[in-house]
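Chemist: See structure-v3.cif below, with mmCIF, C-alpha atoms.
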```cif
data_target
#
loop_
_atom_site.label_atom_id
_atom_site.label_comp_id
_atom_site.auth_asym_id
_atom_site.auth_seq_id
_atom_site.Cartn_x
_atom_site.Cartn_y
_atom_site.Cartn_z
CA MET W 1 0.00 0.00 0.00
CA HIS W 2 1.28 3.44 -0.90
CA ARG W 3 1.46 6.05 1.81
CA VAL W 4 -0.62 9.12 1.01
CA GLY W 5 1.69 11.89 -0.07
CA SER W 6 4.44 9.57 -1.37
CA PRO W 7 5.33 9.51 -5.07
CA LEU W 8 3.98 6.86 -7.41
CA PRO W 9 6.38 4.10 -8.47
CA PHE W 10 6.67 5.70 -11.92
CA PRO W 11 9.57 7.87 -13.03
CA CYS W 12 7.23 10.45 -14.53
CA TRP W 13 5.41 11.23 -11.26
CA ARG W 14 7.76 13.93 -9.98
CA HIS W 15 7.91 15.51 -13.43
CA THR W 16 4.11 15.46 -13.61
CA GLN W 17 3.82 17.25 -10.27
CA ILE W 18 6.20 19.99 -11.43
CA THR W 19 4.37 20.32 -14.75
CA ILE W 20 1.01 20.65 -13.03
CA ILE W 21 2.23 23.25 -10.55
CA ALA W 22 3.82 25.28 -13.33
CA SER W 23 0.79 25.01 -15.61
CA MET W 24 -1.46 26.45 -12.90
CA HIS W 25 0.15 29.83 -13.61
CA GLN W 26 0.02 29.63 -17.40
CA HIS W 27 -3.65 29.55 -18.37
CA TYR W 28 -7.13 30.67 -17.46
CA ARG W 29 -8.19 29.46 -14.00
CA LEU W 30 -11.66 29.05 -12.53
CA ARG W 31 -12.75 31.02 -9.47
CA MET W 32 -15.31 30.08 -6.84
CA PRO W 33 -18.55 31.18 -8.61
CA ALA W 34 -17.57 29.20 -11.70
CA VAL W 35 -16.55 26.15 -9.63
CA VAL W 36 -19.84 26.24 -7.66
CA MET W 37 -21.70 26.33 -10.98
CA LEU W 38 -19.57 23.42 -12.16
CA VAL W 39 -20.49 21.38 -9.06
CA ILE W 40 -24.16 22.10 -9.68
CA SER W 41 -23.74 21.24 -13.36
CA LEU W 42 -22.01 17.96 -12.55
CA VAL W 43 -24.93 16.89 -10.34
CA ILE W 44 -28.06 18.37 -11.92
CA GLY W 45 -28.24 16.41 -15.13
CA MET W 46 -31.27 14.55 -16.45
CA GLY W 47 -31.92 12.71 -13.20
CA ILE W 48 -34.20 15.17 -11.40
CA PHE W 49 -36.45 15.34 -14.47
CA ARG W 50 -36.91 11.60 -14.55
CA THR W 51 -35.83 9.59 -11.49
CA PRO W 52 -38.49 10.89 -9.03
CA SER W 53 -41.06 8.74 -10.83
CA ILE W 54 -38.79 5.69 -10.39
CA VAL W 55 -38.33 6.49 -6.69
CA ALA W 56 -42.09 6.90 -6.25
CA ALA W 57 -42.77 3.58 -7.98
CA ARG W 58 -40.19 1.76 -5.86
CA THR W 59 -41.27 3.20 -2.49
CA GLY W 60 -45.04 3.00 -2.98
CA ASN W 61 -45.89 5.74 -0.49
CA GLU W 62 -45.15 9.42 -0.10
CA ALA W 63 -43.54 9.15 3.34
CA LEU W 64 -40.86 6.68 2.24
CA PHE W 65 -40.42 8.69 -0.98
CA THR W 66 -39.61 11.80 1.06
CA VAL W 67 -37.31 9.86 3.41
CA ALA W 68 -35.33 8.56 0.41
CA TRP W 69 -34.70 12.07 -0.96
CA VAL W 70 -33.86 13.58 2.43
CA LEU W 71 -31.52 10.70 3.23
CA GLY W 72 -29.95 11.05 -0.21
CA GLY W 73 -29.25 14.71 0.51
CA ILE W 74 -27.64 13.89 3.86
CA VAL W 75 -25.46 11.21 2.26
CA ALA W 76 -24.48 13.60 -0.55
CA LEU W 77 -23.45 16.23 2.00
CA CYS W 78 -21.34 13.64 3.84
CA GLY W 79 -19.74 12.66 0.55
CA ALA W 80 -19.13 16.34 -0.21
CA LEU W 81 -17.33 16.81 3.11
CA ALA W 82 -15.18 13.73 2.48
CA PHE W 83 -14.19 14.60 -1.08
CA ALA W 84 -13.75 18.27 -0.19
CA GLU W 85 -11.01 17.12 2.18
CA VAL W 86 -9.44 15.07 -0.64
CA GLY W 87 -9.62 18.10 -2.95
CA ARG W 88 -8.03 20.31 -0.31
CA ARG W 89 -5.06 17.95 0.11
CA MET W 90 -4.62 17.22 -3.60
CA PRO W 91 -5.36 20.35 -5.69
CA VAL W 92 -4.25 18.93 -9.07
CA ASN W 93 -5.91 17.83 -12.31
CA GLY W 94 -7.01 14.21 -12.25
CA ALA W 95 -7.05 14.03 -8.44
CA TYR W 96 -9.69 11.29 -8.51
CA PHE W 97 -7.11 9.01 -10.13
CA ARG W 98 -4.19 10.15 -8.04
CA MET W 99 -5.88 9.64 -4.68
CA PHE W 100 -6.32 5.94 -5.53
CA ALA W 101 -2.78 5.61 -6.86
CA LEU W 102 -1.23 7.16 -3.76
CA ALA W 103 -3.47 5.55 -1.16
CA TYR W 104 -3.75 2.04 -2.62
CA HIS W 105 -2.00 0.90 -5.77
CA PRO W 106 -1.73 2.13 -9.37
CA VAL W 107 -3.51 -1.00 -10.63
CA LEU W 108 -6.57 -0.26 -8.50
CA ALA W 109 -6.38 3.42 -9.46
CA CYS W 110 -6.25 2.55 -13.13
CA SER W 111 -9.05 -0.02 -12.88
CA ILE W 112 -11.48 2.13 -10.91
CA ASN W 113 -10.95 5.21 -13.03
CA LEU W 114 -11.11 3.45 -16.40
CA LEU W 115 -14.33 1.75 -15.33
CA ILE W 116 -15.83 5.04 -14.17
CA LEU W 117 -14.70 6.78 -17.36
CA VAL W 118 -16.42 4.15 -19.50
CA SER W 119 -19.48 4.35 -17.27
CA ASN W 120 -19.58 8.14 -17.56
CA ALA W 121 -19.16 7.93 -21.32
CA ALA W 122 -22.06 5.46 -21.45
CA SER W 123 -24.17 7.78 -19.29
CA ALA W 124 -23.40 10.67 -21.64
CA ALA W 125 -24.39 8.47 -24.57
CA GLY W 126 -27.64 7.46 -22.88
CA VAL W 127 -28.51 11.08 -22.15
CA ALA W 128 -27.67 12.00 -25.75
CA LEU W 129 -30.10 9.33 -26.98
CA ILE W 130 -32.81 10.72 -24.70
CA GLY W 131 -32.14 14.15 -26.16
CA ALA W 132 -32.33 12.69 -29.66
CA GLU W 133 -35.78 11.30 -28.89
CA TYR W 134 -36.96 14.77 -27.92
CA CYS W 135 -35.33 16.18 -31.06
CA ALA W 136 -37.56 13.84 -33.09
CA THR W 137 -40.29 16.44 -32.60
CA PHE W 138 -38.24 18.79 -34.79
CA LEU W 139 -36.20 16.26 -36.82
CA PRO W 140 -38.55 13.29 -37.33
CA THR W 141 -36.70 11.72 -40.30
CA ILE W 142 -33.19 11.59 -38.79
CA PRO W 143 -32.27 8.43 -36.80
CA PRO W 144 -31.78 9.06 -33.06
CA THR W 145 -28.25 7.61 -33.16
CA VAL W 146 -27.22 10.18 -35.77
CA VAL W 147 -28.71 13.07 -33.76
CA ALA W 148 -27.07 11.82 -30.56
CA THR W 149 -23.72 11.51 -32.29
CA ALA W 150 -24.07 15.04 -33.64
CA MET W 151 -24.70 16.33 -30.10
CA VAL W 152 -21.55 14.64 -28.83
CA LEU W 153 -19.46 15.97 -31.72
CA ILE W 154 -20.74 19.53 -31.32
CA LEU W 155 -19.71 19.59 -27.67
CA TYR W 156 -16.40 17.96 -28.54
CA GLY W 157 -15.78 21.00 -30.75
CA VAL W 158 -16.71 23.37 -27.92
CA ASN W 159 -14.33 21.69 -25.47
CA ARG W 160 -11.65 21.47 -28.17
CA ALA W 161 -11.67 25.28 -28.18
CA GLY W 162 -10.37 25.35 -24.60
CA LEU W 163 -11.41 25.62 -20.97
CA ARG W 164 -12.73 29.17 -21.18
CA ALA W 165 -15.12 28.31 -24.05
CA SER W 166 -16.26 25.14 -22.31
CA ALA W 167 -16.85 26.85 -18.95
CA THR W 168 -18.72 29.74 -20.57
CA THR W 169 -20.89 27.35 -22.58
CA GLN W 170 -21.59 25.32 -19.45
CA ASN W 171 -22.71 28.36 -17.48
CA VAL W 172 -25.12 29.37 -20.25
CA LEU W 173 -26.56 25.86 -20.59
CA MET W 174 -26.82 25.52 -16.82
CA ALA W 175 -28.76 28.77 -16.62
CA PHE W 176 -31.42 27.33 -18.93
CA LYS W 177 -31.53 24.09 -16.95
CA LEU W 178 -31.99 25.96 -13.67
CA LEU W 179 -34.74 28.02 -15.31
CA MET W 180 -36.59 24.80 -16.05
CA LEU W 181 -36.06 23.51 -12.53
CA PHE W 182 -37.30 26.76 -10.99
CA ALA W 183 -40.39 26.62 -13.22
CA ILE W 184 -41.17 23.19 -11.76
CA ILE W 185 -40.52 24.36 -8.19
CA LEU W 186 -42.85 27.35 -8.62
CA ALA W 187 -45.59 25.35 -10.38
CA PRO W 188 -47.67 24.65 -7.21
CA ALA W 189 -48.23 28.41 -6.84
CA PHE W 190 -49.96 28.56 -10.23
CA VAL W 191 -51.94 25.32 -10.43
CA SER W 192 -53.98 23.24 -8.01
CA THR W 193 -53.24 19.57 -7.42
CA VAL W 194 -54.16 17.34 -10.35
CA ALA W 195 -56.53 14.59 -9.26
CA SER W 196 -54.86 11.21 -9.61
CA ALA W 197 -57.41 8.91 -8.06
CA ASP W 198 -58.00 7.24 -11.42
CA VAL W 199 -54.30 6.67 -12.03
CA VAL W 200 -53.04 3.21 -11.20
CA SER W 201 -49.56 3.22 -9.65
CA PRO W 202 -47.06 0.57 -10.79
CA PRO W 203 -46.81 -2.46 -8.52
CA VAL W 204 -44.40 -1.96 -5.63
CA PRO W 205 -41.50 -4.48 -5.56
CA SER W 206 -42.13 -7.35 -3.17
CA THR W 207 -39.56 -6.83 -0.45
CA SER W 208 -39.15 -5.32 3.01
CA THR W 209 -39.23 -1.60 3.80
CA TRP W 210 -35.44 -1.62 4.03
CA GLY W 211 -35.32 -3.31 0.63
CA LEU W 212 -37.67 -0.70 -0.86
CA LEU W 213 -35.53 2.07 0.60
CA GLY W 214 -32.41 0.46 -0.84
CA LEU W 215 -34.00 0.23 -4.29
CA ALA W 216 -35.13 3.85 -4.05
CA LEU W 217 -31.67 5.04 -3.06
CA ILE W 218 -30.22 3.72 -6.35
CA PRO W 219 -31.90 6.36 -8.58
CA VAL W 220 -31.54 8.90 -5.74
CA ALA W 221 -27.78 8.28 -5.61
CA PHE W 222 -27.60 8.62 -9.39
CA THR W 223 -29.43 11.95 -9.20
CA TYR W 224 -27.22 13.33 -6.42
CA GLY W 225 -23.95 11.97 -7.84
CA GLY W 226 -21.22 13.80 -9.71
CA TYR W 227 -19.91 16.40 -7.24
CA GLN W 228 -16.83 14.27 -6.52
CA SER W 229 -15.60 14.86 -10.09
CA THR W 230 -14.93 18.50 -9.17
CA ILE W 231 -11.61 17.47 -7.63
CA ASN W 232 -10.41 16.47 -11.11
CA ILE W 233 -9.94 20.11 -12.19
CA GLY W 234 -7.83 21.28 -9.23
CA GLY W 235 -5.01 22.35 -11.53
CA ASP W 236 -7.38 24.71 -13.38
CA VAL W 237 -8.79 26.40 -10.25
CA HIS W 238 -7.60 29.61 -8.60
CA ASN W 239 -6.44 28.88 -5.01
CA PRO W 240 -7.73 25.26 -5.28
CA SER W 241 -7.08 24.16 -1.67
CA ARG W 242 -9.55 26.82 -0.54
CA THR W 243 -11.89 27.10 -3.52
CA ILE W 244 -12.62 23.41 -4.18
CA PRO W 245 -13.78 22.38 -0.67
CA ARG W 246 -16.02 25.43 -0.26
CA SER W 247 -17.44 25.08 -3.76
CA ILE W 248 -18.31 21.40 -3.28
CA ILE W 249 -20.06 21.97 0.04
CA ILE W 250 -21.97 25.07 -1.15
CA GLY W 251 -22.94 23.32 -4.37
CA VAL W 252 -24.30 20.21 -2.64
CA ILE W 253 -26.34 22.27 -0.15
CA VAL W 254 -27.90 24.25 -3.02
CA ILE W 255 -28.60 21.05 -4.99
CA THR W 256 -30.24 19.29 -2.03
CA SER W 257 -32.54 22.26 -1.45
CA LEU W 258 -33.52 22.39 -5.12
CA TYR W 259 -34.20 18.64 -5.25
CA LEU W 260 -36.44 18.64 -2.18
CA LEU W 261 -38.41 21.60 -3.54
CA ALA W 262 -38.73 20.00 -6.97
CA ASN W 263 -40.03 16.72 -5.53
CA HIS W 264 -42.54 18.62 -3.42
CA ALA W 265 -43.73 20.30 -6.61
CA TYR W 266 -44.05 17.00 -8.47
CA VAL W 267 -46.23 15.51 -5.75
CA SER W 268 -48.28 18.70 -5.28
CA VAL W 269 -49.06 19.20 -8.97
CA LEU W 270 -49.35 15.62 -10.24
CA GLY W 271 -50.32 13.66 -7.14
CA PHE W 272 -48.24 10.74 -5.91
CA SER W 273 -49.94 8.03 -7.99
CA ALA W 274 -49.56 9.98 -11.23
CA LEU W 275 -45.95 10.74 -10.36
CA ALA W 276 -45.20 7.03 -9.91
CA ALA W 277 -46.92 6.14 -13.19
CA SER W 278 -45.39 8.80 -15.46
CA ASN W 279 -42.11 8.74 -17.39
CA THR W 280 -42.40 12.41 -18.41
CA ILE W 281 -43.00 14.07 -15.06
CA ALA W 282 -41.42 17.43 -15.91
CA ALA W 283 -43.45 17.66 -19.12
CA ASP W 284 -46.63 16.78 -17.21
CA VAL W 285 -45.97 19.60 -14.74
CA MET W 286 -45.29 22.07 -17.53
CA VAL W 287 -48.49 21.07 -19.33
CA ALA W 288 -50.45 21.48 -16.09
CA VAL W 289 -49.13 25.05 -15.76
CA PHE W 290 -48.91 26.26 -19.35
CA GLY W 291 -51.16 23.90 -21.31
CA ASN W 292 -49.94 22.36 -24.55
CA VAL W 293 -47.40 25.13 -24.96
CA GLY W 294 -45.75 23.73 -21.84
CA GLY W 295 -44.95 20.52 -23.72
CA TRP W 296 -43.05 22.44 -26.39
CA MET W 297 -41.23 24.49 -23.76
CA PHE W 298 -40.23 21.33 -21.94
CA THR W 299 -38.96 19.71 -25.14
CA ALA W 300 -36.73 22.68 -25.95
CA LEU W 301 -35.42 23.01 -22.40
CA MET W 302 -34.81 19.27 -22.12
CA ILE W 303 -32.67 19.34 -25.26
CA ILE W 304 -30.68 22.20 -23.70
CA SER W 305 -30.30 20.13 -20.52
CA VAL W 306 -28.94 17.25 -22.57
CA PHE W 307 -26.28 19.51 -24.09
CA GLY W 308 -25.38 20.75 -20.61
CA TYR W 309 -24.95 17.24 -19.22
CA ILE W 310 -22.79 16.03 -22.10
CA ASN W 311 -20.68 19.19 -21.97
CA VAL W 312 -19.88 18.85 -18.28
CA THR W 313 -18.85 15.20 -18.70
CA MET W 314 -16.43 16.33 -21.40
CA LEU W 315 -15.15 19.09 -19.14
CA ALA W 316 -14.24 16.79 -16.22
CA ASN W 317 -13.62 13.22 -17.41
CA PRO W 318 -10.86 13.71 -20.03
CA ARG W 319 -8.72 15.37 -17.34
CA VAL W 320 -8.68 12.07 -15.43
CA LEU W 321 -7.57 10.25 -18.58
CA GLN W 322 -4.89 12.86 -19.13
CA ALA W 323 -3.57 12.41 -15.57
CA MET W 324 -3.42 8.64 -16.05
CA ALA W 325 -1.49 9.12 -19.29
CA GLU W 326 0.96 11.52 -17.60
CA ASP W 327 1.61 8.86 -14.96
CA GLY W 328 2.12 6.21 -17.62
CA VAL W 329 -0.71 3.82 -16.70
CA VAL W 330 -2.41 4.32 -20.09
CA PRO W 331 -0.72 5.23 -23.41
CA ARG W 332 1.32 8.42 -22.98
CA THR W 333 0.10 9.74 -26.32
CA LEU W 334 -3.12 10.72 -24.53
CA ALA W 335 -1.11 13.35 -22.63
CA LEU W 336 0.70 14.85 -25.61
CA GLY W 337 -1.90 17.40 -26.60
CA LYS W 338 -1.08 20.95 -27.59
CA GLY W 339 -2.96 24.15 -26.99
CA SER W 340 -4.27 26.04 -23.98
CA ASP W 341 -5.18 22.94 -22.04
CA GLY W 342 -3.08 20.17 -23.61
CA LEU W 343 -6.16 17.98 -23.34
CA HIS W 344 -7.06 17.15 -26.91
CA PRO W 345 -6.02 13.46 -27.19
CA SER W 346 -7.82 12.55 -23.95
CA LEU W 347 -10.87 14.54 -25.01
CA LEU W 348 -10.92 12.78 -28.38
CA ALA W 349 -10.63 9.36 -26.71
CA PHE W 350 -13.54 10.10 -24.36
CA THR W 351 -15.62 11.36 -27.30
CA VAL W 352 -14.94 8.19 -29.31
CA VAL W 353 -15.98 5.96 -26.38
CA SER W 354 -19.19 8.01 -25.97
CA ILE W 355 -20.06 7.59 -29.65
CA ILE W 356 -19.38 3.85 -29.47
CA CYS W 357 -21.79 3.69 -26.52
CA VAL W 358 -24.41 5.62 -28.52
CA PHE W 359 -24.47 2.87 -31.12
CA GLY W 360 -24.20 0.18 -28.44
CA GLY W 361 -27.83 0.87 -27.53
CA GLU W 362 -27.65 0.49 -23.74
CA THR W 363 -30.89 1.22 -21.87
CA PHE W 364 -31.09 3.93 -19.24
CA GLU W 365 -32.19 1.47 -16.54
CA ARG W 366 -29.28 -0.90 -17.14
CA ILE W 367 -26.82 1.99 -17.26
CA LEU W 368 -28.33 3.28 -14.00
CA ASN W 369 -27.93 0.09 -11.98
CA CYS W 370 -24.53 -0.90 -13.41
CA THR W 371 -23.20 2.63 -12.97
CA ILE W 372 -24.33 2.88 -9.36
CA PHE W 373 -22.91 -0.57 -8.53
CA VAL W 374 -19.49 0.44 -9.87
CA ASP W 375 -19.63 3.97 -8.45
CA ALA W 376 -20.62 2.78 -4.97
CA ILE W 377 -17.50 0.62 -4.72
CA GLY W 378 -15.22 3.31 -6.13
CA LEU W 379 -16.71 6.10 -4.02
CA ALA W 380 -16.42 4.08 -0.80
CA LEU W 381 -12.75 3.40 -1.50
CA GLY W 382 -12.23 7.06 -2.38
CA ALA W 383 -13.83 8.26 0.85
CA PHE W 384 -11.71 5.80 2.84
CA THR W 385 -8.55 7.67 1.79
CA VAL W 386 -9.53 10.28 4.39
CA PHE W 387 -8.26 7.81 7.02
CA LEU W 388 -5.02 6.75 5.33
CA GLY W 389 -1.43 7.91 5.85
CA LYS W 390 -1.01 11.63 6.40
CA ALA W 391 -4.72 11.93 5.76
CA SER W 392 -5.22 10.69 9.32
CA ARG W 393 -4.70 14.34 10.28
CA SER W 394 -7.95 15.21 8.54
CA PRO W 395 -10.57 17.02 10.66
CA MET W 396 -12.85 14.80 12.71
CA TYR W 397 -15.96 16.01 10.86
CA SER W 398 -14.40 14.78 7.59
CA LYS W 399 -13.83 11.33 9.10
CA ILE W 400 -17.38 11.11 10.48
CA ALA W 401 -18.83 12.24 7.15
CA ALA W 402 -16.67 9.74 5.26
CA SER W 403 -17.83 6.92 7.56
CA ILE W 404 -21.52 7.70 6.99
CA PHE W 405 -20.92 7.97 3.27
CA MET W 406 -19.12 4.60 3.11
CA VAL W 407 -21.94 2.86 5.02
CA SER W 408 -24.41 4.23 2.48
CA CYS W 409 -22.29 2.98 -0.42
CA ILE W 410 -22.06 -0.50 1.09
CA TYR W 411 -25.82 -0.54 1.70
CA THR W 412 -26.50 0.35 -1.95
CA THR W 413 -24.06 -2.28 -3.20
CA VAL W 414 -25.58 -5.04 -1.07
CA THR W 415 -29.09 -4.04 -2.19
CA LEU W 416 -28.09 -4.37 -5.84
CA ILE W 417 -26.44 -7.75 -5.26
CA ILE W 418 -29.61 -9.07 -3.62
CA LEU W 419 -32.31 -7.44 -5.75
CA ASP W 420 -30.60 -6.98 -9.15
CA SER W 421 -27.96 -9.67 -9.29
CA GLU W 422 -27.68 -9.45 -13.08
CA SER W 423 -26.51 -5.83 -13.03
CA ALA W 424 -24.18 -6.59 -10.12
CA LEU W 425 -22.74 -9.55 -12.05
CA ILE W 426 -22.18 -7.44 -15.16
CA GLY W 427 -20.48 -4.72 -13.12
CA THR W 428 -18.28 -7.29 -11.37
CA ALA W 429 -17.29 -8.97 -14.65
CA VAL W 430 -16.39 -5.67 -16.33
CA PHE W 431 -14.44 -4.57 -13.26
CA ALA W 432 -12.50 -7.86 -13.20
CA ALA W 433 -11.66 -7.60 -16.91
CA ILE W 434 -10.46 -3.99 -16.63
CA THR W 435 -8.42 -4.84 -13.52
CA ALA W 436 -6.67 -7.62 -15.41
CA LEU W 437 -5.90 -5.31 -18.33
CA SER W 438 -4.67 -2.60 -15.95
CA TRP W 439 -2.35 -5.04 -14.21
CA LEU W 440 -0.90 -6.22 -17.52
CA SER W 441 -0.46 -2.65 -18.74
CA ILE W 442 1.25 -1.39 -15.57
CA ARG W 443 3.44 -4.49 -15.38
CA GLN W 444 4.88 -3.56 -18.78
CA ILE W 445 5.83 0.00 -17.77
CA ARG W 446 7.09 -0.38 -14.19
CA PRO W 447 10.83 0.25 -13.92
#
```
Spell out the structure here as structure tokens.

Modeler:
Amino acid sequence: MHRVGSPLPFPCWRHTQITIIASMHQHYRLRMPAVVMLVISLVIGMGIFRTPSIVAARTGNEALFTVAWVLGGIVALCGALAFAEVGRRMPVNGAYFRMFALAYHPVLACSINLLILVSNAASAAGVALIGAEYCATFLPTIPPTVVATAMVLILYGVNRAGLRASATTQNVLMAFKLLMLFAIILAPAFVSTVASADVVSPPVPSTSTWGLLGLALIPVAFTYGGYQSTINIGGDVHNPSRTIPRSIIIGVIVITSLYLLANHAYVSVLGFSALAASNTIAADVMVAVFGNVGGWMFTALMIISVFGYINVTMLANPRVLQAMAEDGVVPRTLALGKGSDGLHPSLLAFTVVSIICVFGGETFERILNCTIFVDAIGLALGAFTVFLGKASRSPMYSKIAASIFMVSCIYTTVTLIILDSESALIGTAVFAAITALSWLSIRQIRP
């Protein structure tokens, strides 16, 4: 096991550290308002416009539905406190990779991060396909895969232009997404509750209350997830050891408040039974407020939300791949980019994987369960680094928060193993295969 703070067993590690520190003074750097917006952008994707219906269907009653979202917010805040401490100690690009490499072993670091990168690329592809389905209203003759690929390529071009263009684009797209979310939150003030007595709710899974809560926490965790990726851009942040922790904590508190208000609005406007039965909950709310025009507004705003989600995945994930290439655990050519960010090969690789996933045709539900299974394991191991090596000097509140967060991750993993063994088996098989490839790759390059 590597002691936190010690160099990796690769000759390029010290050079990489020097390069990162020097580069922090050579290009545009993000300040706290932009980083807070990035945290919010990383978390508020498509989930809040879709997963509440899944949570309602899995819980079967409004009380347990509310408990799931409140508990999810508490867990997210604990995770924010844990990863804020990691970001404070390691203010460099690709910190999500480096914390594993320093605390455990480069093989585990490579395996976890490659798996998460593929998972994130698949999630971006799934969201792009959802956006393509909404685009069918305007482009009915073009196949969804072509439209989704075009979305990915457009945002590749934006991120290819550099960090400033990507961050500016993200702020604009996020503003539209927040506008949509605020419209949903304010809807109860303009419309009375829609009667849902004649709506038949989906059957509740046959399991215990704890099992129902565990199932509900899977989509809740997906909806709250993403804030931890903020630590990957530490090298592009002004005063990162101060800015990143504060931005993560502020961002998660804002997100939790917005989510609880949005779910209150869904139940108030649609009724709980209709919420559980609908797959287009945001559109239903908009129609209830604005009539048929609301459907068109929702379609346009949803397409904008899709662009925002894909853009933020391209902003954060390639930087992890770049860090891995700089440390020699993946081909070094991925770290040989030129330009303001030196990120182009990694960005291109992530884009190619996303497009492959578009044509792979994965379903949202399968992506959801497999992604959460993999993420829960990786996030628990990441939070555990708060206790390792020099990290043992971390504040007590960080350790308590990390402990609560890890228990939640374990609970979610066990629930998936018991109630969706197929997804757990797929996640385990993919993880084992990538671990084997990582071990073979690193074995070839170790001195």

Chemist: To one decimal place in Å, what is the distance between atom CA of Ile116 of chain W and atom CA of Leu81 of chain W?

Modeler: 21.0 Å

Chemist: Fewer than 5 positions away in the same chain doesn't count, so skip those; otherwise give me all residues within 12 Å of Ile185 of chain W, counting all atoms listed in the file, as a list of chain:residue names.

Modeler: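 So, after excluding close chain neighbours, the residues are W:Ile48, W:Phe49, W:Leu178, W:Leu179, W:Met180, W:Phe190, W:Val191, W:Ser257, W:Leu258, W:Tyr259, W:Leu260, W:Leu261, W:Ala262, W:Asn263, W:His264, W:Ala265, W:Tyr266, W:Val267, W:Ser268, W:Val269, W:Ala282, W:Val285, W:Met286, W:Val289.
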
Chemist: Between W:Met324, W:Ile417, W:Ala122, W:Ile244, which has the minimum distance to Pro33 of chain W (counting only C-alpha atoms)?

Modeler: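 When distances to Pro33 of chain W are compared using only C-alpha atoms, the smallest one comes from W:Ile244.
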
Chemist: Grab the atom CA of Gly295 of chain W to atom CA of Leu129 of chain W distance for me, in Å with one decimal place.

Modeler: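 About the pair atom CA of Gly295 of chain W and atom CA of Leu129 of chain W: they are 18.9 Å apart.
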
Chemist: Separation of atom CA of Ala121 of chain W and atom CA of Leu440 of chain W, in Å?

Modeler: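 Atom CA of Ala121 of chain W sits 23.4 Å away from atom CA of Leu440 of chain W.
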
Chemist: Listed atoms of segment 236-248 of chain W, axis-aligned box, 5 Å per side: centre and edge lengths to one decimal in Å, as AutoDock Vina command-line options?

Modeler:
```
--center_x -12.4 --center_y 25.5 --center_z -6.8 --size_x 21.9 --size_y 18.2 --size_z 23.1
```

Chemist: Please write as JSON, numbers by chain the full residue list that the PyMOL selection byres ((chain W and resi 42) around 9) yields on this file.

Modeler: {"W": [37, 38, 39, 40, 41, 43, 44, 45, 225, 226, 227, 228, 229, 230, 309, 312, 313, 316]}

Chemist: At most 12 Å is the cut-off: for each residue in segment 96-192 of chain W with any atom that close to an atom of segment 389-412 of chain W, write down the nearest atom pair and the distance in Å rounded to one decimal, counting only C-alpha atoms, chain first then increasing number, as a Markdown table.

Modeler:
```
| residue | atom | partner | partner_atom | distance |
| --- | --- | --- | --- | --- |
| W:Met99 | CA | W:Ala391 | CA | 10.8 |
| W:Leu102 | CA | W:Gly389 | CA | 9.6 |
| W:Ala103 | CA | W:Gly389 | CA | 7.7 |
| W:Tyr104 | CA | W:Gly389 | CA | 10.6 |
```
